[in-house]
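J.: File name query.txt; file contents compact mmCIF, C-alpha atoms and all ligand atoms; full text below.
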# COMPACT_ATOMS: atom_id res chain seq x y z
CA MET W 1288 -5.50 30.18 -8.23
CA THR W 1289 -6.16 28.41 -11.46
CA ALA W 1290 -8.70 25.73 -10.80
CA THR W 1291 -9.65 22.76 -12.88
CA GLN W 1292 -13.32 22.61 -12.06
CA THR W 1293 -14.99 19.45 -10.89
CA ALA W 1294 -17.46 17.86 -13.23
CA ALA W 1295 -19.14 14.47 -13.13
CA PRO W 1296 -16.98 12.11 -11.09
CA ALA W 1297 -15.13 9.34 -12.90
CA GLN W 1298 -16.94 6.04 -13.13
CA ALA W 1299 -15.90 3.96 -10.14
CA LEU W 1300 -15.66 0.22 -10.27
CA PRO W 1301 -18.27 -1.51 -8.09
CA GLY W 1302 -17.23 -1.45 -4.44
CA GLU W 1303 -14.34 0.90 -5.14
CA GLU W 1304 -15.91 4.28 -4.64
CA GLY W 1305 -13.81 6.56 -2.51
CA SER W 1306 -11.24 9.25 -2.80
CA GLY W 1307 -7.96 7.40 -2.44
CA LEU W 1308 -5.41 8.06 -5.18
CA ASP W 1309 -3.50 5.19 -6.71
CA ILE W 1310 -0.61 5.76 -9.09
CA ARG W 1311 1.08 2.81 -10.80
CA GLY W 1312 4.16 2.80 -13.01
CA LEU W 1313 3.80 6.47 -13.88
CA HIS W 1314 6.32 7.86 -16.38
CA LYS W 1315 6.78 11.21 -18.07
CA HIS W 1316 9.63 11.44 -20.54
CA TYR W 1317 10.74 14.53 -22.43
CA GLY W 1318 12.85 13.05 -25.20
CA SER W 1319 15.41 10.90 -23.41
CA PHE W 1320 14.95 12.80 -20.11
CA ARG W 1321 12.82 11.05 -17.49
CA ALA W 1322 11.12 13.79 -15.48
CA VAL W 1323 8.96 11.15 -13.77
CA ASP W 1324 10.50 7.70 -13.77
CA ASP W 1325 8.26 4.83 -12.71
CA ILE W 1326 6.39 6.25 -9.74
CA ASP W 1327 4.05 4.12 -7.63
CA LEU W 1328 2.01 5.83 -4.92
CA ALA W 1329 -0.96 4.77 -2.84
CA VAL W 1330 -2.57 7.75 -1.13
CA PRO W 1331 -5.23 6.67 1.36
CA GLU W 1332 -8.63 8.32 1.27
CA GLY W 1333 -8.87 11.38 3.49
CA SER W 1334 -5.17 11.66 4.14
CA PHE W 1335 -2.87 14.67 4.02
CA PHE W 1336 -0.13 13.47 1.72
CA ALA W 1337 3.01 15.44 0.85
CA LEU W 1338 5.21 15.08 -2.21
CA LEU W 1339 8.58 16.34 -1.03
CA GLY W 1340 11.76 16.79 -3.01
CA PRO W 1341 14.29 19.25 -4.39
CA SER W 1342 13.70 21.52 -7.37
CA GLY W 1343 13.33 19.60 -10.62
CA CYS W 1344 12.60 16.18 -9.05
CA GLY W 1345 9.24 15.86 -10.82
CA LYS W 1346 6.72 17.02 -8.22
CA THR W 1347 4.78 19.44 -10.42
CA THR W 1348 4.90 17.07 -13.39
CA THR W 1349 3.36 14.31 -11.25
CA LEU W 1350 0.64 16.62 -9.98
CA ARG W 1351 -0.13 17.91 -13.48
CA MET W 1352 -0.57 14.35 -14.71
CA VAL W 1353 -3.08 13.69 -11.93
CA ALA W 1354 -4.90 16.92 -12.81
CA GLY W 1355 -4.91 16.02 -16.51
CA LEU W 1356 -2.80 19.01 -17.53
CA GLU W 1357 0.03 16.77 -18.73
CA GLU W 1358 -0.24 13.45 -20.50
CA PRO W 1359 1.71 10.54 -18.99
CA THR W 1360 4.18 8.69 -21.20
CA SER W 1361 2.82 5.57 -19.48
CA GLY W 1362 1.20 4.47 -16.24
CA GLU W 1363 -2.12 4.35 -14.44
CA ILE W 1364 -3.83 6.93 -12.28
CA ARG W 1365 -6.90 5.92 -10.28
CA ILE W 1366 -9.11 7.79 -7.87
CA GLY W 1367 -11.46 5.69 -5.77
CA GLY W 1368 -10.50 2.76 -7.97
CA ALA W 1369 -11.55 4.42 -11.23
CA GLU W 1370 -8.95 5.00 -13.95
CA ILE W 1371 -8.93 8.73 -14.76
CA SER W 1372 -6.04 9.02 -17.24
CA HIS W 1373 -8.37 9.17 -20.24
CA LEU W 1374 -10.55 11.93 -18.75
CA ARG W 1375 -10.28 15.60 -19.66
CA PRO W 1376 -9.09 17.84 -16.82
CA PHE W 1377 -12.54 19.22 -16.08
CA GLN W 1378 -13.99 15.71 -15.90
CA ARG W 1379 -11.61 14.61 -13.16
CA PRO W 1380 -12.73 14.72 -9.52
CA VAL W 1381 -9.81 16.93 -8.58
CA ASN W 1382 -9.09 20.63 -8.09
CA THR W 1383 -5.69 22.27 -8.08
CA VAL W 1384 -4.34 25.20 -6.08
CA PHE W 1385 -1.13 26.71 -7.41
CA GLN W 1386 1.48 28.99 -5.91
CA SER W 1387 0.08 32.08 -7.60
CA TYR W 1388 -3.42 32.58 -6.34
CA ALA W 1389 -4.86 34.10 -9.56
CA LEU W 1390 -8.30 34.90 -8.21
CA PHE W 1391 -10.59 36.65 -10.69
CA PRO W 1392 -9.66 40.29 -9.99
CA HIS W 1393 -12.94 41.85 -11.12
CA MET W 1394 -15.10 39.60 -8.91
CA THR W 1395 -15.78 39.90 -5.20
CA ILE W 1396 -14.45 37.25 -2.85
CA PHE W 1397 -17.95 35.80 -2.59
CA GLU W 1398 -18.28 35.55 -6.37
CA ASN W 1399 -14.82 34.05 -6.70
CA VAL W 1400 -15.84 31.23 -4.38
CA ALA W 1401 -19.27 30.89 -6.01
CA PHE W 1402 -17.86 30.77 -9.55
CA GLY W 1403 -17.69 27.00 -10.08
CA LEU W 1404 -21.07 26.40 -8.43
CA ARG W 1405 -22.79 29.02 -10.59
CA ARG W 1406 -21.23 27.62 -13.76
CA ARG W 1407 -22.66 24.22 -12.97
CA ARG W 1408 -25.97 25.70 -11.82
CA GLU W 1409 -25.74 24.01 -8.48
CA PRO W 1410 -28.29 24.62 -5.72
CA ASP W 1411 -27.71 26.26 -2.35
CA ILE W 1412 -24.95 28.56 -3.54
CA ASP W 1413 -25.29 31.17 -0.76
CA ARG W 1414 -25.13 28.61 2.00
CA ARG W 1415 -22.24 26.69 0.51
CA VAL W 1416 -20.13 29.78 -0.17
CA ASN W 1417 -20.83 31.14 3.31
CA GLU W 1418 -19.81 27.83 4.84
CA MET W 1419 -16.52 28.02 3.02
CA LEU W 1420 -15.90 31.63 4.05
CA GLU W 1421 -16.62 30.65 7.65
CA LEU W 1422 -14.16 27.78 7.38
CA VAL W 1423 -11.37 30.31 6.86
CA GLU W 1424 -12.97 32.98 9.08
CA MET W 1425 -13.32 35.44 6.22
CA SER W 1426 -17.08 35.97 6.02
CA HIS W 1427 -16.66 39.66 6.83
CA LEU W 1428 -14.51 40.12 3.71
CA ALA W 1429 -17.01 38.60 1.27
CA LYS W 1430 -17.68 41.86 -0.56
CA ARG W 1431 -14.05 42.80 -1.10
CA LYS W 1432 -12.10 42.38 -4.30
CA PRO W 1433 -8.94 40.19 -4.33
CA THR W 1434 -6.56 43.17 -4.49
CA GLN W 1435 -8.01 44.35 -1.17
CA LEU W 1436 -6.77 41.18 0.55
CA SER W 1437 -3.31 40.21 1.78
CA GLY W 1438 -1.42 37.39 0.08
CA GLY W 1439 -2.29 34.98 2.88
CA GLN W 1440 -5.98 35.88 2.71
CA GLN W 1441 -6.00 35.46 -1.06
CA GLN W 1442 -4.47 32.03 -0.76
CA ARG W 1443 -7.08 30.98 1.81
CA ILE W 1444 -9.75 32.01 -0.68
CA ALA W 1445 -7.97 30.09 -3.45
CA VAL W 1446 -8.14 27.00 -1.27
CA VAL W 1447 -11.83 27.28 -0.39
CA ARG W 1448 -12.68 28.19 -3.98
CA ALA W 1449 -11.28 24.80 -4.89
CA LEU W 1450 -12.90 23.01 -1.94
CA VAL W 1451 -16.40 24.35 -2.55
CA ASN W 1452 -16.56 22.12 -5.63
CA LYS W 1453 -16.17 19.09 -3.36
CA PRO W 1454 -13.36 17.44 -5.28
CA LYS W 1455 -12.34 13.96 -4.18
CA VAL W 1456 -8.72 15.04 -4.20
CA LEU W 1457 -7.29 18.53 -3.73
CA LEU W 1458 -3.90 19.07 -5.36
CA LEU W 1459 -1.75 21.85 -3.91
CA ASP W 1460 1.44 22.86 -5.72
CA GLU W 1461 3.60 24.95 -3.36
CA PRO W 1462 0.52 26.97 -2.34
CA LEU W 1463 2.44 28.79 0.38
CA GLY W 1464 5.55 29.43 -1.70
CA ALA W 1465 4.90 33.12 -2.23
CA LEU W 1466 4.30 33.91 1.44
CA ASP W 1467 6.79 35.04 4.06
CA LEU W 1468 8.02 32.56 6.63
CA LYS W 1469 5.79 33.56 9.54
CA LEU W 1470 2.65 33.53 7.43
CA ARG W 1471 3.68 30.21 5.91
CA ARG W 1472 3.91 28.65 9.36
CA GLN W 1473 0.47 29.99 10.28
CA LEU W 1474 -1.13 28.78 7.04
CA GLN W 1475 0.49 25.36 7.35
CA LEU W 1476 -1.41 24.80 10.58
CA GLU W 1477 -4.55 26.30 9.15
CA LEU W 1478 -4.49 24.13 6.03
CA LYS W 1479 -4.03 21.09 8.23
CA ARG W 1480 -7.05 22.08 10.30
CA ILE W 1481 -9.14 22.68 7.15
CA GLN W 1482 -8.17 19.29 5.76
CA GLY W 1483 -9.21 17.65 9.03
CA GLU W 1484 -12.57 19.42 8.92
CA VAL W 1485 -13.46 18.69 5.29
CA GLY W 1486 -11.88 15.21 5.21
CA ILE W 1487 -10.90 15.53 1.53
CA THR W 1488 -7.67 13.87 0.36
CA PHE W 1489 -4.96 16.56 0.06
CA ILE W 1490 -1.82 16.10 -2.04
CA HIS W 1491 0.57 18.86 -1.09
CA VAL W 1492 3.70 19.50 -3.14
CA THR W 1493 6.61 21.21 -1.42
CA HIS W 1494 10.40 21.33 -1.42
CA ASP W 1495 10.38 22.42 2.24
CA GLN W 1496 10.99 19.47 4.55
CA GLU W 1497 9.75 21.29 7.63
CA GLU W 1498 6.54 22.17 5.87
CA ALA W 1499 5.96 18.58 4.78
CA MET W 1500 6.70 17.29 8.28
CA THR W 1501 4.40 19.85 9.94
CA MET W 1502 1.44 19.14 7.73
CA ALA W 1503 1.44 15.65 6.29
CA ASP W 1504 0.33 12.28 7.67
CA THR W 1505 2.44 10.64 5.01
CA ILE W 1506 5.34 11.98 2.95
CA ALA W 1507 6.72 10.61 -0.31
CA VAL W 1508 10.29 11.80 -0.86
CA LEU W 1509 11.05 12.24 -4.56
CA ASN W 1510 14.50 12.40 -6.13
CA LYS W 1511 15.25 12.57 -9.85
CA GLY W 1512 11.80 11.41 -10.86
CA LYS W 1513 11.74 8.44 -8.49
CA VAL W 1514 10.20 7.78 -5.08
CA GLU W 1515 13.02 7.35 -2.53
CA GLN W 1516 10.87 6.50 0.49
CA VAL W 1517 7.28 6.83 1.69
CA GLY W 1518 6.29 7.05 5.33
CA ALA W 1519 5.11 9.07 8.28
CA PRO W 1520 7.33 12.09 9.04
CA VAL W 1521 8.79 10.48 12.16
CA GLU W 1522 9.55 7.26 10.32
CA LEU W 1523 11.38 9.04 7.50
CA TYR W 1524 13.35 11.16 9.92
CA GLU W 1525 14.23 8.42 12.40
CA ASN W 1526 14.71 5.60 9.96
CA PRO W 1527 15.82 6.90 6.58
CA ARG W 1528 16.37 4.08 4.10
CA SER W 1529 18.59 6.05 1.80
CA ALA W 1530 21.34 8.61 2.06
CA PHE W 1531 19.21 11.03 0.11
CA VAL W 1532 16.36 10.87 2.63
CA ALA W 1533 18.79 11.08 5.56
CA GLY W 1534 20.36 14.22 4.13
CA PHE W 1535 17.23 15.88 2.79
CA LEU W 1536 15.28 15.65 6.05
CA GLY W 1537 17.49 17.43 8.53
CA GLN W 1538 21.16 17.05 9.29
CA THR W 1539 22.79 13.71 9.96
CA ASN W 1540 26.16 12.23 10.92
CA LEU W 1541 27.38 9.28 8.89
CA LEU W 1542 30.42 7.39 10.19
CA SER W 1543 32.30 4.93 7.98
CA VAL W 1544 32.33 1.62 9.87
CA ASN W 1545 32.85 -2.10 9.34
CA VAL W 1546 30.37 -4.75 10.38
CA ILE W 1547 31.84 -7.08 13.04
CA SER W 1548 28.82 -9.24 13.78
CA ARG W 1549 25.12 -9.54 13.01
CA ASP W 1550 22.37 -11.48 14.70
CA ALA W 1551 18.59 -11.29 14.47
CA SER W 1552 18.34 -8.28 16.75
CA THR W 1553 21.66 -6.42 16.70
CA VAL W 1554 24.44 -5.42 14.35
CA ALA W 1555 27.84 -4.55 15.86
CA VAL W 1556 30.24 -2.37 13.89
CA ASP W 1557 33.80 -1.17 14.34
CA PHE W 1558 34.66 2.52 14.14
CA HIS W 1559 38.46 2.73 14.32
CA GLY W 1560 38.65 0.30 17.22
CA VAL W 1561 35.48 1.54 18.92
CA ARG W 1562 32.52 -0.87 19.00
CA LEU W 1563 29.10 0.58 18.16
CA THR W 1564 25.78 -1.26 17.87
CA MET W 1565 22.48 -0.71 16.11
CA PRO W 1566 19.19 -2.61 15.79
CA ALA W 1567 19.44 -5.15 12.95
CA ASP W 1568 16.28 -3.87 11.27
CA ARG W 1569 17.77 -0.39 10.98
CA LEU W 1570 20.60 -1.46 8.69
CA SER W 1571 19.38 -1.26 5.10
CA ALA W 1572 22.65 -2.33 3.44
CA SER W 1573 24.44 -5.62 3.00
CA GLY W 1574 28.21 -6.07 2.95
CA THR W 1575 30.85 -5.28 5.56
CA ALA W 1576 31.70 -1.65 4.88
CA VAL W 1577 28.69 0.50 5.77
CA GLU W 1578 27.86 3.93 7.17
CA ALA W 1579 26.46 4.29 10.69
CA GLY W 1580 24.09 7.23 10.95
CA VAL W 1581 23.00 9.24 13.98
CA ARG W 1582 21.17 12.56 14.14
CA PRO W 1583 23.05 15.40 15.89
CA GLU W 1584 20.31 15.97 18.49
CA LYS W 1585 20.41 12.34 19.60
CA ILE W 1586 24.00 12.70 20.85
CA SER W 1587 24.83 13.80 24.39
CA MET W 1588 28.16 15.00 25.71
CA ALA W 1589 29.86 13.94 28.93
CA ASP W 1590 33.26 14.78 30.39
CA LEU W 1591 35.88 12.46 28.96
CA GLY W 1592 35.41 8.90 30.21
CA GLN W 1593 32.11 9.71 31.96
CA ALA W 1594 29.66 8.35 29.36
CA PRO W 1595 27.04 6.02 30.85
CA SER W 1596 27.45 2.32 30.06
CA GLY W 1597 25.32 0.61 27.41
CA MET W 1598 25.54 3.58 25.08
CA ASN W 1599 27.38 4.00 21.79
CA THR W 1600 30.37 6.13 22.81
CA ILE W 1601 33.00 8.06 20.87
CA ASP W 1602 35.66 10.25 22.47
CA GLY W 1603 36.64 13.49 20.80
CA THR W 1604 37.70 17.10 20.99
CA ILE W 1605 35.38 20.04 20.43
CA ILE W 1606 36.63 22.04 17.46
CA ASP W 1607 33.67 24.38 17.05
CA ALA W 1608 30.77 25.62 19.19
CA SER W 1609 27.97 27.87 17.85
CA PHE W 1610 25.40 29.25 20.24
CA ILE W 1611 22.12 29.63 18.30
CA GLY W 1612 19.61 30.38 21.06
CA VAL W 1613 17.57 27.23 21.71
CA SER W 1614 20.60 25.03 21.20
CA THR W 1615 24.35 25.02 20.88
CA GLN W 1616 25.72 23.27 17.83
CA TYR W 1617 29.08 21.62 18.32
CA VAL W 1618 31.53 20.02 15.94
CA VAL W 1619 33.60 17.31 17.59
CA ARG W 1620 36.63 15.66 16.03
CA ALA W 1621 36.73 11.97 16.90
CA VAL W 1622 39.90 10.84 18.68
CA ALA W 1623 39.75 7.50 16.89
CA ASP W 1624 39.91 9.16 13.50
CA ALA W 1625 41.15 12.73 13.26
CA GLU W 1626 39.40 13.08 9.90
CA GLU W 1627 35.89 12.30 11.13
CA GLU W 1628 33.83 15.21 12.46
CA VAL W 1629 30.61 14.70 14.39
CA ALA W 1630 27.88 17.34 14.72
CA VAL W 1631 26.14 17.50 18.10
CA PHE W 1632 23.11 19.69 18.94
CA SER W 1633 22.64 20.34 22.66
CA GLN W 1634 19.54 22.00 24.09
CA ASN W 1635 20.48 25.09 26.07
CA SER W 1636 18.71 23.94 29.21
CA ALA W 1637 20.58 22.86 32.34
CA THR W 1638 23.89 21.87 30.82
CA ARG W 1639 26.66 24.41 30.59
CA ILE W 1640 28.00 25.48 27.23
CA ARG W 1641 31.28 23.72 26.55
CA GLN W 1642 34.37 25.33 25.10
CA VAL W 1643 36.37 24.66 21.97
CA GLY W 1644 39.32 22.41 22.85
CA GLU W 1645 37.50 20.44 25.59
CA GLN W 1646 37.79 16.69 25.43
CA VAL W 1647 34.44 14.93 25.68
CA SER W 1648 32.79 11.54 25.44
CA LEU W 1649 29.91 11.58 22.97
CA HIS W 1650 27.21 9.05 23.68
CA TRP W 1651 23.86 8.02 22.24
CA HIS W 1652 21.45 5.15 22.50
CA PRO W 1653 22.20 2.27 20.08
CA GLU W 1654 18.53 2.42 18.98
CA HIS W 1655 19.15 5.86 17.52
CA THR W 1656 21.72 4.48 15.10
CA PHE W 1657 20.80 3.53 11.54
CA GLY W 1658 22.92 1.94 8.85
CA LEU W 1659 23.29 2.85 5.17
CA HIS W 1660 25.46 1.57 2.35
CA GLU W 1661 29.13 2.52 2.00
CA GLY W 1662 29.79 5.98 0.60
CA ALA W 1663 26.27 7.12 1.49
CA TRP W 1664 27.65 10.30 3.06
CA ILE W 1665 28.46 11.73 -0.38
CA GLU W 1666 24.80 11.43 -1.45
CA ALA W 1667 23.61 12.66 1.94
CA GLU W 1668 25.73 15.79 1.66
CA ALA W 1669 24.42 16.44 -1.84
CA ALA W 1670 20.85 16.07 -0.55
CA GLU W 1671 21.57 18.46 2.32
CA VAL W 1672 22.73 21.09 -0.17
CA ALA W 1673 19.58 20.53 -2.25
CA SER W 1674 17.24 20.84 0.76
N1 LIG W 1701 7.76 20.65 -20.93
C1 LIG W 1701 8.96 20.21 -20.52
N2 LIG W 1701 9.94 19.90 -21.40
C2 LIG W 1701 11.14 19.45 -20.97
N3 LIG W 1701 11.46 19.25 -19.67
C3 LIG W 1701 10.53 19.55 -18.76
C4 LIG W 1701 9.24 20.04 -19.12
N4 LIG W 1701 8.53 20.24 -17.98
C5 LIG W 1701 9.34 19.89 -16.97
N5 LIG W 1701 10.54 19.47 -17.43
C6 LIG W 1701 11.68 19.02 -16.61
O1 LIG W 1701 11.24 17.97 -15.79
C7 LIG W 1701 11.86 18.04 -14.52
C8 LIG W 1701 10.82 18.04 -13.43
O2 LIG W 1701 10.10 19.26 -13.46
P1 LIG W 1701 9.03 19.63 -12.37
O3 LIG W 1701 8.43 20.94 -12.74
O4 LIG W 1701 8.10 18.50 -12.20
O5 LIG W 1701 9.93 19.80 -11.07
P2 LIG W 1701 9.51 20.18 -9.58
O6 LIG W 1701 9.87 19.02 -8.73
O7 LIG W 1701 8.11 20.65 -9.54
O8 LIG W 1701 10.52 21.36 -9.24
P3 LIG W 1701 10.29 22.78 -8.46
O9 LIG W 1701 10.43 22.47 -6.99
O10 LIG W 1701 11.41 23.62 -8.96
O11 LIG W 1701 8.94 23.31 -8.84
C9 LIG W 1701 12.73 19.29 -14.53
O12 LIG W 1701 14.07 18.92 -14.79
C10 LIG W 1701 12.17 20.09 -15.68
O13 LIG W 1701 13.16 20.89 -16.28
MG MG W 1702 7.22 22.49 -9.17
Have the structure of the file written as structure tokens, please.

T.:
Amino acid sequence: MTATQTAAPAQALPGEEGSGLDIRGLHKHYGSFRAVDDIDLAVPEGSFFALLGPSGCGKTTTLRMVAGLEEPTSGEIRIGGAEISHLRPFQRPVNTVFQSYALFPHMTIFENVAFGLRRRREPDIDRRVNEMLELVEMSHLAKRKPTQLSGGQQQRIAVVRALVNKPKVLLLDEPLGALDLKLRRQLQLELKRIQGEVGITFIHVTHDQEEAMTMADTIAVLNKGKVEQVGAPVELYENPRSAFVAGFLGQTNLLSVNVISRDASTVAVDFHGVRLTMPADRLSASGTAVEAGVRPEKISMADLGQAPSGMNTIDGTIIDASFIGVSTQYVVRAVADAEEEVAVFSQNSATRIRQVGEQVSLHWHPEHTFGLHEGAWIEAEAAEVAS
């Protein structure tokens, strides 16, 4: 880990002390290229906030501007209400944990954690370091050197070495990126627990949507230097406002439809002669030609003509079935439009596995339908490839 050590906290405006992070109109241009292009973010104090997006979307650049390692082209960065853009990195109330743990190799684990405290001649070093080692259940390894620890253990130490300085905001840039999948999963849960215990604001950068959804209270999805959408994981997944978000967070079906009618509560659309409905507040596009979206796991399959009433229903033929353990993933070609293919994920519980060639009625609750602008599927597919 390379840490920017905490020094005197930035001067807060009266009544605005706290650890929330506020970013307004943040830009970083490299020549004519806009790596960060007008980002606004409000990160509440004490939250676990994820910056999620594909490679090159500007996550690290944003984080480095908060840490003071990169100078913004323009914009404001405030922590607890105090503008910090003019402060040197070591003066900012933040610490950063990077992907490579970079502990001091010649020092013991204890001394690695104690380093910042000793440099600032702080009191109570033994107690504070021991508290941190207990937090990650590594007290018994205090006398070891970093090379005598596993990657996961080193990264835990990198995190507490940053936390011991009591930053107002901890910045984490793909801290689990170098670890294997199983260890990543374990550390995701552990980091979440640690954040809950210390109550410090965490900003976690990742390109892994599952990781962001597992850990964060709030996710900001970034694309090409801009914020696409901010919200709780469930909100982003269930109600994506853009094709990019729909495609980047999981798989989605997008059907090209035409709006037939709209009222305050419901929008009805036509899909090749089939009427589908969705809640009015889930359509984020104007115009007549739109895309109706539904996640594959929201769709059930019945024998042809046996779909329950009140559901959105499309008849089709199964053209592919892949058994993948917990679920079977089907591809169904819609009868109404032989071009349109619909992905359906069925839990392998009570229902039997269906065969390729079977005719079925697909059905899902109208509330699980969302609407995006025409042609959104092209962007959604590009986002899926990037994710
Ligand atoms: N010093 C620089 N000069 C020119 N371009 C840069 C510089 N630093 C970053 N960029 C560009 O800015 C964009 C954003 O980079 P950044 O490192 O923030 O991406 P990222 O979202 O962290 O990606 P990754 O997931 O791959 O780490 C990229 O296109 C990158 O090439
Ligand atoms: Mg990066």

J.: Using only C-alpha atoms and all ligand atoms, which of W:Asp1413, W:Asp1607, W:Glu1671, W:Glu1461 sits nearest ligand MG 1702 (chain W)?

T.: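 Closest to ligand MG 1702 (chain W), using only C-alpha atoms and all ligand atoms: W:Glu1461.
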
J.: Report as an MDAnalysis selection string which protein, DNA and RNA residues come within 12 Å of ligand LIG 1701 (chain W), using all atoms listed in the file.

T.: chainID W and resid 1314:1324 1338:1352 1356:1359 1385:1386 1459:1462 1464 1491:1496 1508:1514 1673:1674

J.: Between W:Val1381, W:Leu1649, W:Leu1374, W:Val1643, which residue has the minimum interatomic distance to W:Asp1590, considering all atoms listed in the file?

T.: W:Leu1649

J.: Which residue, W:Thr1395, W:Leu1541, W:Lys1432, W:Phe1335, has the smallest gap to W:Val1485 when you use all atoms listed in the file?

T.: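 Checking each candidate against W:Val1485, we get W:Phe1335 as the closest.
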
J.: Can you tell me how far atom CA of W:Ile1371 sits from atom CA of W:Val1446, in Å to one decimal?

T.: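 According to the coordinates, atom CA of W:Ile1371 and atom CA of W:Val1446 are separated by 22.7 Å.
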
J.: I'd like the box whose edges run along x, y and z of the file and which contains every listed atom of stretch 1313-1330 of chain W, padded by 6 Å per side; could you state its centre and edge lengths in Å, one decimal, as AutoDock Vina command-line options?

T.:
--center_x 6.4 --center_y 9.3 --center_z -13.2 --size_x 30.0 --size_y 22.4 --size_z 36.1

J.: Excluding W:Leu1404 and any residue of its chain fewer than 3 positions from it, enumerate the residues within 10 Å of it, using all atoms listed in the file, and give them as a PyMOL selection string.

T.: chain W and resi 1292-1293+1398+1400-1401+1407-1413+1415-1416+1448+1451-1452

J.: Suppose you want the space between atom CA of W:Gly1403 and atom CA of W:Leu1457; what is it in Å?

T.: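 Atom CA of W:Leu1457 lies at a distance of 14.8 Å from atom CA of W:Gly1403.
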
J.: Quick one: residues within 12 Å of W:Ile1396, all atoms listed in the file counted, chain neighbours fewer than 4 positions away excluded, as number ranges by chain?

T.: W: 1390-1392, 1400-1402, 1416-1417, 1419-1420, 1425-1436, 1440-1445, 1447-1448

J.: Can you tell me, as a list in words, what residues are no more than 7 Å from W:Ala1594 when counting all atoms listed in the file, ignoring any on the same chain fewer than 2 positions away?

T.: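 What passes the distance filter is Ala1589, Gly1592, Ser1596, Thr1600, Ser1648 and His1650 of chain W.
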
J.: Please, what distance in Å, to one decimal, runs between atom CA of W:Lys1479 and atom CA of W:Met1502?

T.: 5.8 Å

J.: Using only C-alpha atoms, give me every residue within 10 Å of (22.2, 15.9, 10.3) in file coordinates, as a PyMOL selection string.

T.: chain W and resi 1533-1541+1580-1584+1629-1632+1667-1668+1671

J.: With all atoms listed in the file as the atoms that count, which of W:Glu1578, W:Gly1560, W:Pro1380, W:Gln1634 lies nearest to W:Ile1601?

T.: W:Gly1560

J.: With only C-alpha atoms as the counted atoms, please give the residues lying no more than 12 Å from W:Ile1606, apart from itself and same-chain residues fewer than 2 positions off, as a PyMOL selection string.

T.: chain W and resi 1603-1604+1608-1609+1616-1622+1625+1627-1631+1641-1647

J.: For the structure just given, write the atoms of stretch 1480-1499 of chain W, namely C-alpha atoms, as an mmCIF file, in the first residue's frame.

T.:
data_model
loop_
_atom_site.group_PDB
_atom_site.id
_atom_site.type_symbol
_atom_site.label_atom_id
_atom_site.label_comp_id
_atom_site.auth_asym_id
_atom_site.auth_seq_id
_atom_site.Cartn_x
_atom_site.Cartn_y
_atom_site.Cartn_z
ATOM 1 C CA ARG W 1480 -17.710 -5.428 8.252
ATOM 2 C CA ILE W 1481 -14.645 -3.273 8.996
ATOM 3 C CA GLN W 1482 -16.298 -0.224 7.466
ATOM 4 C CA GLY W 1483 -19.376 -0.811 9.621
ATOM 5 C CA GLU W 1484 -17.218 -1.055 12.739
ATOM 6 C CA VAL W 1485 -15.044 2.013 12.154
ATOM 7 C CA GLY W 1486 -17.807 4.119 10.551
ATOM 8 C CA ILE W 1487 -15.354 5.930 8.253
ATOM 9 C CA THR W 1488 -16.537 6.950 4.771
ATOM 10 C CA PHE W 1489 -15.167 4.426 2.239
ATOM 11 C CA ILE W 1490 -14.872 5.183 -1.480
ATOM 12 C CA HIS W 1491 -14.207 1.910 -3.237
ATOM 13 C CA VAL W 1492 -13.179 1.851 -6.894
ATOM 14 C CA THR W 1493 -13.895 -1.301 -8.875
ATOM 15 C CA HIS W 1494 -14.781 -2.465 -12.368
ATOM 16 C CA ASP W 1495 -16.486 -5.560 -10.923
ATOM 17 C CA GLN W 1496 -20.251 -5.065 -10.695
ATOM 18 C CA GLU W 1497 -20.749 -7.966 -8.314
ATOM 19 C CA GLU W 1498 -18.127 -6.575 -5.992
ATOM 20 C CA ALA W 1499 -19.738 -3.135 -5.989
#
